[in-house]
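Participant: So I've got this file, target.txt, and it contains compact mmCIF, C-alpha atoms:
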```txt
# COMPACT_ATOMS: atom_id res chain seq x y z
CA MET A 1 -15.37 -5.86 14.22
CA SER A 2 -17.87 -4.25 16.57
CA GLU A 3 -15.17 -1.90 17.84
CA PRO A 4 -16.25 1.74 17.56
CA LEU A 5 -15.32 3.86 14.56
CA GLN A 6 -14.29 7.51 14.79
CA LEU A 7 -13.70 9.72 11.78
CA TYR A 8 -11.46 12.76 12.26
CA SER A 9 -13.14 14.97 9.73
CA TYR A 10 -13.56 18.52 8.50
CA TRP A 11 -16.87 19.36 6.88
CA ARG A 12 -15.37 20.74 3.66
CA SER A 13 -12.42 18.32 3.34
CA SER A 14 -12.76 16.44 0.10
CA ALA A 15 -10.81 13.43 1.39
CA ALA A 16 -12.97 13.19 4.54
CA TYR A 17 -16.08 13.48 2.37
CA ARG A 18 -14.95 10.37 0.42
CA VAL A 19 -14.67 8.33 3.61
CA ARG A 20 -18.00 9.57 4.94
CA ILE A 21 -19.63 8.31 1.74
CA GLY A 22 -17.95 4.92 2.12
CA LEU A 23 -18.95 4.56 5.77
CA ASN A 24 -22.53 5.53 4.92
CA LEU A 25 -22.72 3.12 1.97
CA LYS A 26 -21.63 0.32 4.31
CA GLY A 27 -24.28 1.38 6.82
CA LEU A 28 -21.67 1.78 9.58
CA ALA A 29 -22.20 3.94 12.64
CA TYR A 30 -19.31 6.31 13.38
CA GLU A 31 -18.49 9.26 15.54
CA ILE A 32 -17.36 12.44 13.78
CA VAL A 33 -14.44 14.12 15.55
CA PRO A 34 -14.18 17.59 13.98
CA VAL A 35 -10.68 18.91 13.21
CA HIS A 36 -10.76 22.51 12.04
CA LEU A 37 -8.24 22.99 9.24
CA VAL A 38 -7.94 26.77 9.67
CA GLN A 39 -8.71 27.67 13.30
CA ASP A 40 -5.80 27.67 15.78
CA GLY A 41 -3.36 27.68 12.85
CA GLY A 42 -4.90 24.40 11.72
CA GLN A 43 -5.86 21.85 14.35
CA GLN A 44 -4.34 19.10 12.17
CA HIS A 45 -0.92 20.50 13.12
CA THR A 46 -1.29 20.02 16.88
CA ASP A 47 0.99 17.53 18.63
CA ALA A 48 -2.05 15.46 19.61
CA TYR A 49 -3.26 15.08 16.04
CA ARG A 50 0.24 14.46 14.68
CA GLN A 51 0.41 11.43 17.00
CA LEU A 52 -2.65 10.04 15.23
CA ASN A 53 -1.59 11.03 11.73
CA PRO A 54 2.04 12.03 11.12
CA GLN A 55 1.06 13.55 7.78
CA GLU A 56 -1.09 16.12 9.64
CA LEU A 57 -3.82 15.59 7.09
CA ILE A 58 -7.52 14.83 7.28
CA PRO A 59 -9.07 12.24 7.49
CA THR A 60 -7.97 9.73 10.07
CA LEU A 61 -10.17 6.75 10.83
CA GLY A 62 -10.06 5.22 14.29
CA HIS A 63 -11.17 1.60 14.56
CA GLY A 64 -10.65 0.23 18.05
CA GLN A 65 -7.04 1.02 18.98
CA ARG A 66 -5.96 1.51 15.35
CA ARG A 67 -5.59 4.87 13.61
CA MET A 68 -5.52 4.91 9.83
CA GLY A 69 -4.71 7.63 7.31
CA GLN A 70 -5.17 8.06 3.56
CA SER A 71 -8.77 8.10 2.38
CA LEU A 72 -8.39 5.53 -0.41
CA ALA A 73 -6.55 3.07 1.83
CA ILE A 74 -9.32 3.57 4.41
CA LEU A 75 -12.01 2.86 1.79
CA GLU A 76 -10.20 -0.33 0.69
CA TYR A 77 -10.01 -1.35 4.37
CA LEU A 78 -13.73 -0.75 4.85
CA ASP A 79 -14.42 -2.84 1.78
CA GLU A 80 -12.29 -5.73 3.05
CA VAL A 81 -13.65 -5.73 6.61
CA TRP A 82 -17.29 -5.07 5.66
CA PRO A 83 -17.65 -6.52 2.14
CA GLU A 84 -21.32 -5.63 1.64
CA PRO A 85 -22.30 -3.69 -0.32
CA PRO A 86 -19.03 -3.81 -2.28
CA LEU A 87 -17.19 -0.62 -3.21
CA LEU A 88 -15.31 -2.47 -5.95
CA PRO A 89 -16.72 -4.51 -8.84
CA ALA A 90 -16.22 -8.23 -9.36
CA THR A 91 -13.52 -8.57 -12.03
CA ALA A 92 -9.87 -7.55 -11.93
CA ARG A 93 -10.29 -5.45 -15.06
CA ALA A 94 -13.30 -3.59 -13.71
CA ARG A 95 -11.54 -3.05 -10.39
CA GLN A 96 -8.57 -1.64 -12.28
CA ARG A 97 -10.87 0.80 -14.06
CA VAL A 98 -12.58 1.89 -10.85
CA ARG A 99 -9.32 2.35 -8.97
CA ALA A 100 -7.84 4.29 -11.92
CA LEU A 101 -10.82 6.67 -11.94
CA ALA A 102 -10.53 7.12 -8.18
CA LEU A 103 -6.78 7.79 -8.45
CA LEU A 104 -7.29 10.24 -11.31
CA VAL A 105 -9.06 12.41 -8.73
CA ALA A 106 -7.09 11.43 -5.64
CA CYS A 107 -3.60 11.76 -7.17
CA ASP A 108 -3.88 14.09 -10.14
CA VAL A 109 -6.52 16.65 -9.17
CA HIS A 110 -7.15 16.97 -5.46
CA PRO A 111 -3.58 17.15 -4.02
CA LEU A 112 -2.73 20.04 -6.34
CA ASN A 113 -5.58 22.11 -4.95
CA ASN A 114 -5.44 21.12 -1.33
CA LEU A 115 -5.49 23.81 1.37
CA ARG A 116 -1.82 23.33 2.24
CA VAL A 117 -0.81 23.97 -1.39
CA LEU A 118 -2.85 27.16 -1.63
CA GLN A 119 -1.38 28.26 1.71
CA TYR A 120 2.12 27.66 0.31
CA PHE A 121 1.38 29.87 -2.70
CA GLU A 122 0.19 32.69 -0.48
CA ARG A 123 2.91 32.36 2.16
CA GLU A 124 5.94 31.72 -0.05
CA TRP A 125 5.11 33.27 -3.41
CA ASN A 126 2.35 35.76 -2.63
CA VAL A 127 0.29 34.42 -5.55
CA PRO A 128 -2.72 36.72 -6.14
CA PRO A 129 -6.16 35.11 -5.64
CA PRO A 130 -7.11 35.24 -9.36
CA GLU A 131 -3.96 33.34 -10.35
CA ARG A 132 -4.46 30.90 -7.50
CA ASP A 133 -8.02 30.24 -8.66
CA ALA A 134 -6.86 29.81 -12.27
CA TRP A 135 -4.43 27.15 -11.02
CA VAL A 136 -7.19 25.33 -9.15
CA LYS A 137 -9.51 25.39 -12.14
CA HIS A 138 -6.76 24.29 -14.53
CA TRP A 139 -6.16 21.00 -12.70
CA ILE A 140 -9.82 20.28 -12.10
CA GLU A 141 -10.63 20.90 -15.77
CA ASP A 142 -7.67 18.81 -16.89
CA GLY A 143 -8.82 15.92 -14.73
CA PHE A 144 -12.49 16.26 -15.58
CA ARG A 145 -11.76 16.35 -19.32
CA ALA A 146 -9.96 13.00 -18.94
CA ALA A 147 -12.64 11.58 -16.63
CA GLU A 148 -15.39 12.56 -19.07
CA ALA A 149 -13.45 10.85 -21.89
CA LEU A 150 -13.02 7.70 -19.80
CA LEU A 151 -16.68 7.60 -18.74
CA ALA A 152 -18.74 8.86 -21.70
CA GLY A 153 -19.80 6.02 -23.92
CA HIS A 154 -17.69 3.42 -22.14
CA PRO A 155 -19.63 0.15 -22.11
CA SER A 156 -19.27 -0.39 -18.36
CA THR A 157 -20.33 3.12 -17.34
CA GLY A 158 -23.86 2.92 -15.97
CA ASP A 159 -25.87 5.14 -13.68
CA PHE A 160 -22.60 5.32 -11.75
CA CYS A 161 -18.95 5.36 -12.85
CA GLU A 162 -19.00 1.56 -13.12
CA GLY A 163 -22.34 -0.17 -13.55
CA GLU A 164 -25.45 0.36 -11.47
CA ALA A 165 -24.02 0.77 -7.98
CA PRO A 166 -21.60 3.29 -6.49
CA THR A 167 -17.94 2.37 -6.17
CA LEU A 168 -14.68 3.85 -4.96
CA ALA A 169 -14.68 5.98 -8.11
CA ASP A 170 -17.95 7.70 -7.20
CA CYS A 171 -16.69 8.18 -3.62
CA CYS A 172 -13.85 10.29 -5.09
CA LEU A 173 -15.65 11.96 -7.96
CA ILE A 174 -18.56 13.51 -6.06
CA PRO A 175 -16.43 15.41 -3.51
CA GLN A 176 -14.24 16.67 -6.36
CA ILE A 177 -17.31 18.00 -8.20
CA TYR A 178 -18.29 19.80 -5.00
CA ASN A 179 -14.85 21.45 -5.00
CA ALA A 180 -15.17 22.28 -8.68
CA ARG A 181 -18.41 24.15 -8.07
CA ARG A 182 -16.82 26.02 -5.15
CA PHE A 183 -14.13 27.28 -7.50
CA GLY A 184 -16.55 28.19 -10.27
CA VAL A 185 -15.71 25.43 -12.76
CA ASP A 186 -18.31 25.34 -15.54
CA MET A 187 -19.65 21.78 -15.37
CA ALA A 188 -21.46 22.02 -18.74
CA ALA A 189 -18.48 20.41 -20.51
CA TYR A 190 -18.86 17.26 -18.44
CA PRO A 191 -22.38 15.89 -18.98
CA THR A 192 -21.52 12.36 -17.87
CA LEU A 193 -19.99 13.61 -14.64
CA GLN A 194 -23.07 15.72 -13.98
CA ARG A 195 -25.38 12.79 -14.64
CA ILE A 196 -23.41 10.54 -12.26
CA GLU A 197 -23.35 13.29 -9.63
CA ALA A 198 -27.16 13.52 -9.74
CA ALA A 199 -27.52 9.74 -9.38
CA CYS A 200 -25.15 9.72 -6.40
CA LEU A 201 -26.62 12.66 -4.53
CA ALA A 202 -30.06 11.06 -4.80
CA LEU A 203 -28.79 8.32 -2.48
CA PRO A 204 -29.07 8.94 1.27
CA ALA A 205 -25.48 7.70 1.82
CA PHE A 206 -24.12 10.50 -0.36
CA ASP A 207 -26.58 13.10 0.84
CA ALA A 208 -25.72 12.54 4.51
CA ALA A 209 -22.00 12.85 3.68
CA ARG A 210 -22.33 16.27 2.02
CA PRO A 211 -20.29 19.06 3.59
CA GLU A 212 -23.35 21.14 4.43
CA ASN A 213 -24.85 18.22 6.36
CA GLN A 214 -21.91 17.84 8.75
CA PRO A 215 -22.07 18.71 12.45
CA ASP A 216 -19.09 21.06 12.08
CA ALA A 217 -20.48 22.95 9.06
CA PRO A 218 -21.06 26.65 9.80
CA ALA A 219 -24.75 27.39 10.32
CA ALA A 220 -24.86 30.10 7.65
CA ASN A 221 -23.25 28.00 4.94
CA MET B 1 -3.37 -14.40 -19.13
CA SER B 2 -0.59 -15.19 -21.59
CA GLU B 3 -1.52 -12.10 -23.61
CA PRO B 4 1.51 -9.84 -24.14
CA LEU B 5 2.22 -6.90 -21.83
CA GLN B 6 3.47 -3.52 -23.05
CA LEU B 7 4.50 -0.73 -20.73
CA TYR B 8 4.40 2.80 -22.12
CA SER B 9 7.24 4.19 -20.09
CA TYR B 10 9.74 7.01 -19.75
CA TRP B 11 13.05 6.15 -18.12
CA ARG B 12 12.88 8.88 -15.47
CA SER B 13 9.11 8.79 -14.81
CA SER B 14 8.55 7.93 -11.18
CA ALA B 15 5.13 6.39 -11.84
CA ALA B 16 6.49 4.19 -14.66
CA TYR B 17 9.37 3.13 -12.38
CA ARG B 18 6.80 1.86 -9.83
CA VAL B 19 5.13 -0.35 -12.42
CA ARG B 20 8.46 -1.64 -13.74
CA ILE B 21 9.31 -2.77 -10.20
CA GLY B 22 5.96 -4.53 -9.88
CA LEU B 23 6.26 -6.29 -13.23
CA ASN B 24 9.80 -7.40 -12.35
CA LEU B 25 8.80 -8.65 -8.90
CA LYS B 26 6.11 -10.77 -10.55
CA GLY B 27 8.67 -12.12 -13.02
CA LEU B 28 6.56 -10.98 -15.99
CA ALA B 29 8.00 -10.34 -19.44
CA TYR B 30 6.95 -7.02 -20.97
CA GLU B 31 7.84 -4.79 -23.85
CA ILE B 32 8.89 -1.23 -23.04
CA VAL B 33 7.34 1.34 -25.40
CA PRO B 34 9.26 4.58 -24.77
CA VAL B 35 7.25 7.81 -24.62
CA HIS B 36 9.48 10.85 -24.38
CA LEU B 37 7.95 13.38 -21.99
CA VAL B 38 9.86 16.38 -23.38
CA GLN B 39 10.73 15.73 -27.04
CA ASP B 40 8.17 16.80 -29.67
CA GLY B 41 6.42 18.94 -27.05
CA GLY B 42 5.85 15.78 -25.02
CA GLN B 43 4.95 12.60 -26.86
CA GLN B 44 2.30 11.88 -24.18
CA HIS B 45 0.26 14.73 -25.73
CA THR B 46 -0.04 13.19 -29.21
CA ASP B 47 -3.46 12.16 -30.48
CA ALA B 48 -2.28 8.55 -30.66
CA TYR B 49 -1.22 8.43 -27.02
CA ARG B 50 -4.31 10.30 -25.83
CA GLN B 51 -6.38 7.49 -27.33
CA LEU B 52 -4.58 5.06 -25.02
CA ASN B 53 -4.57 7.30 -21.98
CA PRO B 54 -6.89 10.35 -21.92
CA GLN B 55 -4.94 11.79 -18.99
CA GLU B 56 -1.88 12.08 -21.26
CA LEU B 57 0.24 10.72 -18.45
CA ILE B 58 2.80 7.94 -18.14
CA PRO B 59 2.55 4.98 -17.59
CA THR B 60 -0.01 3.01 -19.54
CA LEU B 61 -0.02 -0.77 -19.36
CA GLY B 62 -1.26 -2.75 -22.33
CA HIS B 63 -2.47 -6.27 -21.61
CA GLY B 64 -3.97 -7.89 -24.69
CA GLN B 65 -6.52 -5.42 -26.04
CA ARG B 66 -6.82 -3.51 -22.76
CA ARG B 67 -5.04 -0.25 -21.95
CA MET B 68 -4.76 0.76 -18.31
CA GLY B 69 -3.66 3.96 -16.62
CA GLN B 70 -2.73 4.96 -13.05
CA SER B 71 0.31 3.20 -11.64
CA LEU B 72 -1.25 2.10 -8.34
CA ALA B 73 -4.35 0.71 -10.05
CA ILE B 74 -2.03 -1.15 -12.44
CA LEU B 75 -0.05 -2.61 -9.52
CA GLU B 76 -3.26 -3.76 -7.82
CA TYR B 77 -4.30 -5.35 -11.13
CA LEU B 78 -0.98 -7.17 -11.44
CA ASP B 79 -1.39 -8.43 -7.90
CA GLU B 80 -4.88 -9.74 -8.59
CA VAL B 81 -4.05 -11.41 -11.92
CA TRP B 82 -0.64 -12.79 -10.87
CA PRO B 83 -0.92 -13.25 -7.10
CA GLU B 84 2.60 -14.58 -6.51
CA PRO B 85 4.69 -13.13 -5.02
CA PRO B 86 2.14 -10.85 -3.37
CA LEU B 87 2.55 -7.06 -3.41
CA LEU B 88 0.18 -6.74 -0.45
CA PRO B 89 0.37 -8.43 2.96
CA ALA B 90 -2.14 -10.92 4.35
CA THR B 91 -4.32 -8.95 6.79
CA ALA B 92 -6.70 -6.06 6.13
CA ARG B 93 -4.88 -3.91 8.69
CA ALA B 94 -1.47 -4.54 7.16
CA ARG B 95 -2.86 -3.92 3.68
CA GLN B 96 -4.31 -0.63 4.90
CA ARG B 97 -0.88 0.36 6.21
CA VAL B 98 0.88 -0.59 2.97
CA ARG B 99 -1.65 1.22 0.79
CA ALA B 100 -1.49 4.30 3.02
CA LEU B 101 2.30 4.43 2.71
CA ALA B 102 2.02 4.03 -1.07
CA LEU B 103 -0.61 6.77 -1.28
CA LEU B 104 1.44 9.10 0.93
CA VAL B 105 3.93 9.12 -1.95
CA ALA B 106 1.52 8.74 -4.86
CA CYS B 107 -0.98 11.40 -3.73
CA ASP B 108 0.81 13.77 -1.42
CA VAL B 109 4.35 13.99 -2.78
CA HIS B 110 4.75 12.95 -6.39
CA PRO B 111 1.85 14.81 -8.11
CA LEU B 112 3.03 18.12 -6.65
CA ASN B 113 6.43 17.74 -8.27
CA ASN B 114 5.45 16.16 -11.54
CA LEU B 115 6.82 17.55 -14.81
CA ARG B 116 3.49 19.10 -15.82
CA VAL B 117 3.33 21.07 -12.57
CA LEU B 118 6.86 22.42 -12.96
CA GLN B 119 6.02 23.29 -16.58
CA TYR B 120 2.95 25.21 -15.36
CA PHE B 121 5.05 27.24 -12.93
CA GLU B 122 7.49 28.20 -15.68
CA ARG B 123 4.89 28.86 -18.35
CA GLU B 124 2.22 30.68 -16.31
CA TRP B 125 4.07 32.22 -13.39
CA ASN B 126 7.70 32.37 -14.53
CA VAL B 127 8.82 30.86 -11.23
CA PRO B 128 12.63 31.05 -11.00
CA PRO B 129 14.45 27.69 -10.80
CA PRO B 130 15.61 28.15 -7.17
CA GLU B 131 12.03 28.75 -6.00
CA ARG B 132 10.80 25.85 -8.10
CA ASP B 133 13.40 23.57 -6.53
CA ALA B 134 12.50 24.79 -3.02
CA TRP B 135 8.87 23.83 -3.76
CA VAL B 136 9.92 20.35 -4.89
CA LYS B 137 12.09 19.79 -1.83
CA HIS B 138 9.41 21.11 0.51
CA TRP B 139 6.87 18.47 -0.47
CA ILE B 140 9.38 15.64 -0.59
CA GLU B 141 10.69 16.55 2.86
CA ASP B 142 7.16 16.92 4.24
CA GLY B 143 6.25 13.47 2.95
CA PHE B 144 9.49 11.81 3.97
CA ARG B 145 9.25 13.22 7.51
CA ALA B 146 5.83 11.58 7.83
CA ALA B 147 6.99 8.35 6.16
CA GLU B 148 9.99 8.13 8.49
CA ALA B 149 7.65 8.63 11.49
CA LEU B 150 5.31 5.91 10.21
CA LEU B 151 8.13 3.45 9.51
CA ALA B 152 10.78 3.97 12.22
CA GLY B 153 10.19 1.69 15.15
CA HIS B 154 6.81 0.44 13.91
CA PRO B 155 6.49 -3.22 14.83
CA SER B 156 5.59 -4.36 11.32
CA THR B 157 8.40 -2.50 9.55
CA GLY B 158 11.03 -5.05 8.56
CA ASP B 159 13.77 -5.05 5.97
CA PHE B 160 11.07 -3.48 3.79
CA CYS B 161 8.22 -1.07 4.56
CA GLU B 162 6.08 -3.98 5.76
CA GLY B 163 7.83 -7.16 6.87
CA GLU B 164 10.49 -9.06 4.99
CA ALA B 165 9.30 -8.77 1.40
CA PRO B 166 8.67 -5.79 -0.87
CA THR B 167 5.13 -4.46 -1.24
CA LEU B 168 3.25 -1.72 -3.04
CA ALA B 169 4.72 0.71 -0.50
CA ASP B 170 8.30 -0.06 -1.55
CA CYS B 171 7.27 0.16 -5.23
CA CYS B 172 6.31 3.80 -4.57
CA LEU B 173 8.97 4.77 -2.06
CA ILE B 174 12.08 3.81 -4.04
CA PRO B 175 11.23 5.90 -7.15
CA GLN B 176 10.42 8.85 -4.89
CA ILE B 177 13.82 8.56 -3.19
CA TYR B 178 15.39 8.60 -6.66
CA ASN B 179 13.55 11.87 -7.33
CA ALA B 180 14.60 13.24 -3.96
CA ARG B 181 18.27 12.66 -4.74
CA ARG B 182 17.81 14.32 -8.14
CA PHE B 183 16.56 17.44 -6.42
CA GLY B 184 19.28 17.44 -3.76
CA VAL B 185 17.19 16.39 -0.75
CA ASP B 186 19.47 15.49 2.17
CA MET B 187 18.47 11.92 2.99
CA ALA B 188 20.36 11.89 6.32
CA ALA B 189 17.15 12.80 8.18
CA TYR B 190 15.46 9.60 6.99
CA PRO B 191 17.59 6.65 8.14
CA THR B 192 14.76 4.12 7.88
CA LEU B 193 13.97 5.19 4.33
CA GLN B 194 17.64 4.88 3.41
CA ARG B 195 17.88 1.42 4.96
CA ILE B 196 14.79 0.23 3.06
CA GLU B 197 16.12 1.75 -0.16
CA ALA B 198 19.35 -0.24 0.20
CA ALA B 199 17.42 -3.47 0.81
CA CYS B 200 15.25 -2.87 -2.25
CA LEU B 201 18.00 -1.88 -4.66
CA ALA B 202 19.90 -5.06 -3.73
CA LEU B 203 17.08 -7.02 -5.39
CA PRO B 204 17.36 -7.64 -9.15
CA ALA B 205 13.69 -6.65 -9.67
CA PHE B 206 14.38 -3.14 -8.36
CA ASP B 207 17.78 -2.84 -9.96
CA ALA B 208 16.47 -3.68 -13.42
CA ALA B 209 13.70 -1.09 -12.99
CA ARG B 210 16.09 1.79 -12.22
CA PRO B 211 15.92 4.75 -14.59
CA GLU B 212 19.54 4.38 -15.68
CA ASN B 213 18.91 0.76 -16.69
CA GLN B 214 16.11 1.58 -19.15
CA PRO B 215 16.44 1.24 -22.92
CA ASP B 216 15.42 4.89 -23.39
CA ALA B 217 17.88 6.32 -20.83
CA PRO B 218 20.42 8.66 -22.43
CA ALA B 219 23.78 6.97 -22.83
CA ALA B 220 25.67 9.69 -20.97
CA ASN B 221 23.41 9.68 -17.91
```
Please re-express this file's structure in structure tokens.

Facilitator:
Amino acid sequence: MSEPLQLYSYWRSSAAYRVRIGLNLKGLAYEIVPVHLVQDGGQQHTDAYRQLNPQELIPTLGHGQRRMGQSLAILEYLDEVWPEPPLLPATARARQRVRALALLVACDVHPLNNLRVLQYFEREWNVPPPERDAWVKHWIEDGFRAAEALLAGHPSTGDFCEGEAPTLADCCLIPQIYNARRFGVDMAAYPTLQRIEAACLALPAFDAARPENQPDAPAAN
Amino acid sequence: MSEPLQLYSYWRSSAAYRVRIGLNLKGLAYEIVPVHLVQDGGQQHTDAYRQLNPQELIPTLGHGQRRMGQSLAILEYLDEVWPEPPLLPATARARQRVRALALLVACDVHPLNNLRVLQYFEREWNVPPPERDAWVKHWIEDGFRAAEALLAGHPSTGDFCEGEAPTLADCCLIPQIYNARRFGVDMAAYPTLQRIEAACLALPAFDAARPENQPDAPAAN
């Protein structure tokens, strides 16, 4: 398991941000290989990258000779190969809850607002920016309303989504809140999400994973 | 673990179809509670259902007093509570591959084409049906091209997505192929997907889970 790890990443990619958090929580050393999602028509669409990841999406994790896609499947892999500290709680019911919160973001919010979707709207339908942004906010607010309902007052919610240590759910939630702020979502309606965000970003593992702290982040950002 | 199971389901919901397959593969008895996604403005939007599932999405699994959302988190739960037959393979690397294939469908294809998205296009943007259908086919074809590349010729692809028994990946793939056919996607470009579909649908667990075999399917369908 001492084979080197490389993360094909883009500083502002929400899915790459999740994996950076997971790698940092595990205390693993990894090389960032930047893939610019806009330059050169999108470097994720090159033949070389498609060989690594036929979906032409970020992130890809390299571990030895193996190349792996899908951020949540990567995080589960990290948790199985390096079990400490765990990204999932101890009981099947608590794991179900954590995975469901993670999937709420990873299935029902983020893919609807991904770069490739917004590019489709512009290219195929010429959707004006205000309508595009209303779309983005609609799905974030829909997801956050549900997440707030699932988290606020639930007996197993702690400083983090589940208990007193970060899990897969926090790995997904924090990057999505970053996106929400980018698109001007008013976070006041989600006090539990804001509280969990503050607890997470106080941890060095989350802080080091932030978009603005990446080697490929623009200097002026 | 002998507490009763109820699945809040809609016959044509792709996410409910996944969970029906998983329950059937495990040989578990469950009650189907039909939730009609269109009648009454969508029965998933009632106050009563929102109490069970704040996302107002199908499916929800009831197990004793517990209500669980998110189809993939439910399938992982089933696999942890009833380990035989397994829905995930034995090694961390193979599990990563299976989860990544499942998430390719569950994150990057299905949510883009879900009923609520198509309703948004009609309600907010008045997207004409041909453009709506082109959108649906675009994301299915994008995902299936990648899935075919990941499956065809890969050494661990067998009769099923991974080896010689169905996994989480097949639970997601088969409902998505059903959707693809509904929207007129030409499956000829995906011979490996078609071959796996045939192997799955030959199993009683998959056959019984098919939309047309549900108690709430319209008689004339």

Participant: Can you work out the spacing between CA of Thr167 in chain A and CA of Glu56 in chain A in Å, to one decimal?

Facilitator: 26.9 Å

Participant: Using all atoms listed in the file, find the residues of chain A whose closest atom to chain B is at most 6 Å away, then write them as a JSON list (two decimals) with C-alpha atoms, in the coordinates of the input.

Facilitator:
```
[["chain", "number", "residue", "atom", "x", "y", "z"],
["A", 54, "PRO", "CA", 2.04, 12.03, 11.12],
["A", 55, "GLN", "CA", 1.06, 13.55, 7.78],
["A", 70, "GLN", "CA", -5.17, 8.06, 3.56],
["A", 73, "ALA", "CA", -6.55, 3.07, 1.83],
["A", 77, "TYR", "CA", -10.01, -1.35, 4.37],
["A", 96, "GLN", "CA", -8.57, -1.64, -12.28],
["A", 99, "ARG", "CA", -9.32, 2.35, -8.97],
["A", 100, "ALA", "CA", -7.84, 4.29, -11.92],
["A", 107, "CYS", "CA", -3.60, 11.76, -7.17],
["A", 146, "ALA", "CA", -9.96, 13.00, -18.94]]
```

Participant: Which one is closest to Ala16 in chain B: B:Tyr178, B:Tyr49, B:Thr60, B:Gly41? Count only C-alpha atoms.

Facilitator: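 Among the listed residues, the smallest separation from Ala16 in chain B belongs to B:Thr60.
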
Participant: Expressed in Å to a single decimal, how great is the separation between CA of Gln44 in chain B and CA of Arg181 in chain B?

Facilitator: 25.2 Å

Participant: Excluding same-chain residues fewer than 5 positions from Leu193 in chain B, what lies within 9 Å of it counting only C-alpha atoms, as a PyMOL selection string?

Facilitator: chain B and resi 144+147-148+151-152+161+173-174+177+187+198

Participant: Excluding Gly22 in chain B and any residue of its chain fewer than 2 positions from it, enumerate the residues within 9 Å of it, using all atoms listed in the file, and give them as a list in words.

Facilitator: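 Counting all atoms listed in the file, the residues come to Tyr17, Arg18, Val19, Arg20, Asn24, Leu25, Lys26, Gly27, Leu28, Leu75, Leu78, Asp79, Leu87, Thr167, Leu168, Cys171, Ala205 and Phe206 of chain B.
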
Participant: What is the CA of Pro59 in chain A to CA of Ala15 in chain A distance in Å?

Facilitator: 6.5 Å

Participant: Using 4 Å of padding on each side, determine the axis-aligned box around all atoms of range 28-34 of chain B present in the file and give its centre and edge lengths in Å to one decimal, as JSON.

Facilitator:
```
{"center_x": 7.9, "center_y": -3.2, "center_z": -20.7, "size_x": 10.7, "size_y": 23.6, "size_z": 17.4}
```

Participant: Give as a VMD selection string every residue, naming chains and numbers as the document does, that has an atom within 10 Å of (17.7, 4.1, -10.3), counting all atoms listed in the file.

Facilitator: chain B and resid 11 to 12 14 17 174 to 175 177 to 179 201 206 to 214

Participant: Under the rule that only C-alpha atoms are counted, which of A:Leu61, A:Ala165, A:Val35, A:Leu118 is the nearest residue to Leu203 in chain A?

Facilitator: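 Closest to Leu203 in chain A, using only C-alpha atoms: A:Ala165.
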
Participant: So, counting all atoms listed in the file, which residue among B:Cys172, B:Ala217, B:Glu3, B:Phe160 is closest to Arg195 in chain B?

Facilitator: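 Once distances to Arg195 in chain B are computed over all atoms listed in the file, the minimum belongs to B:Phe160.
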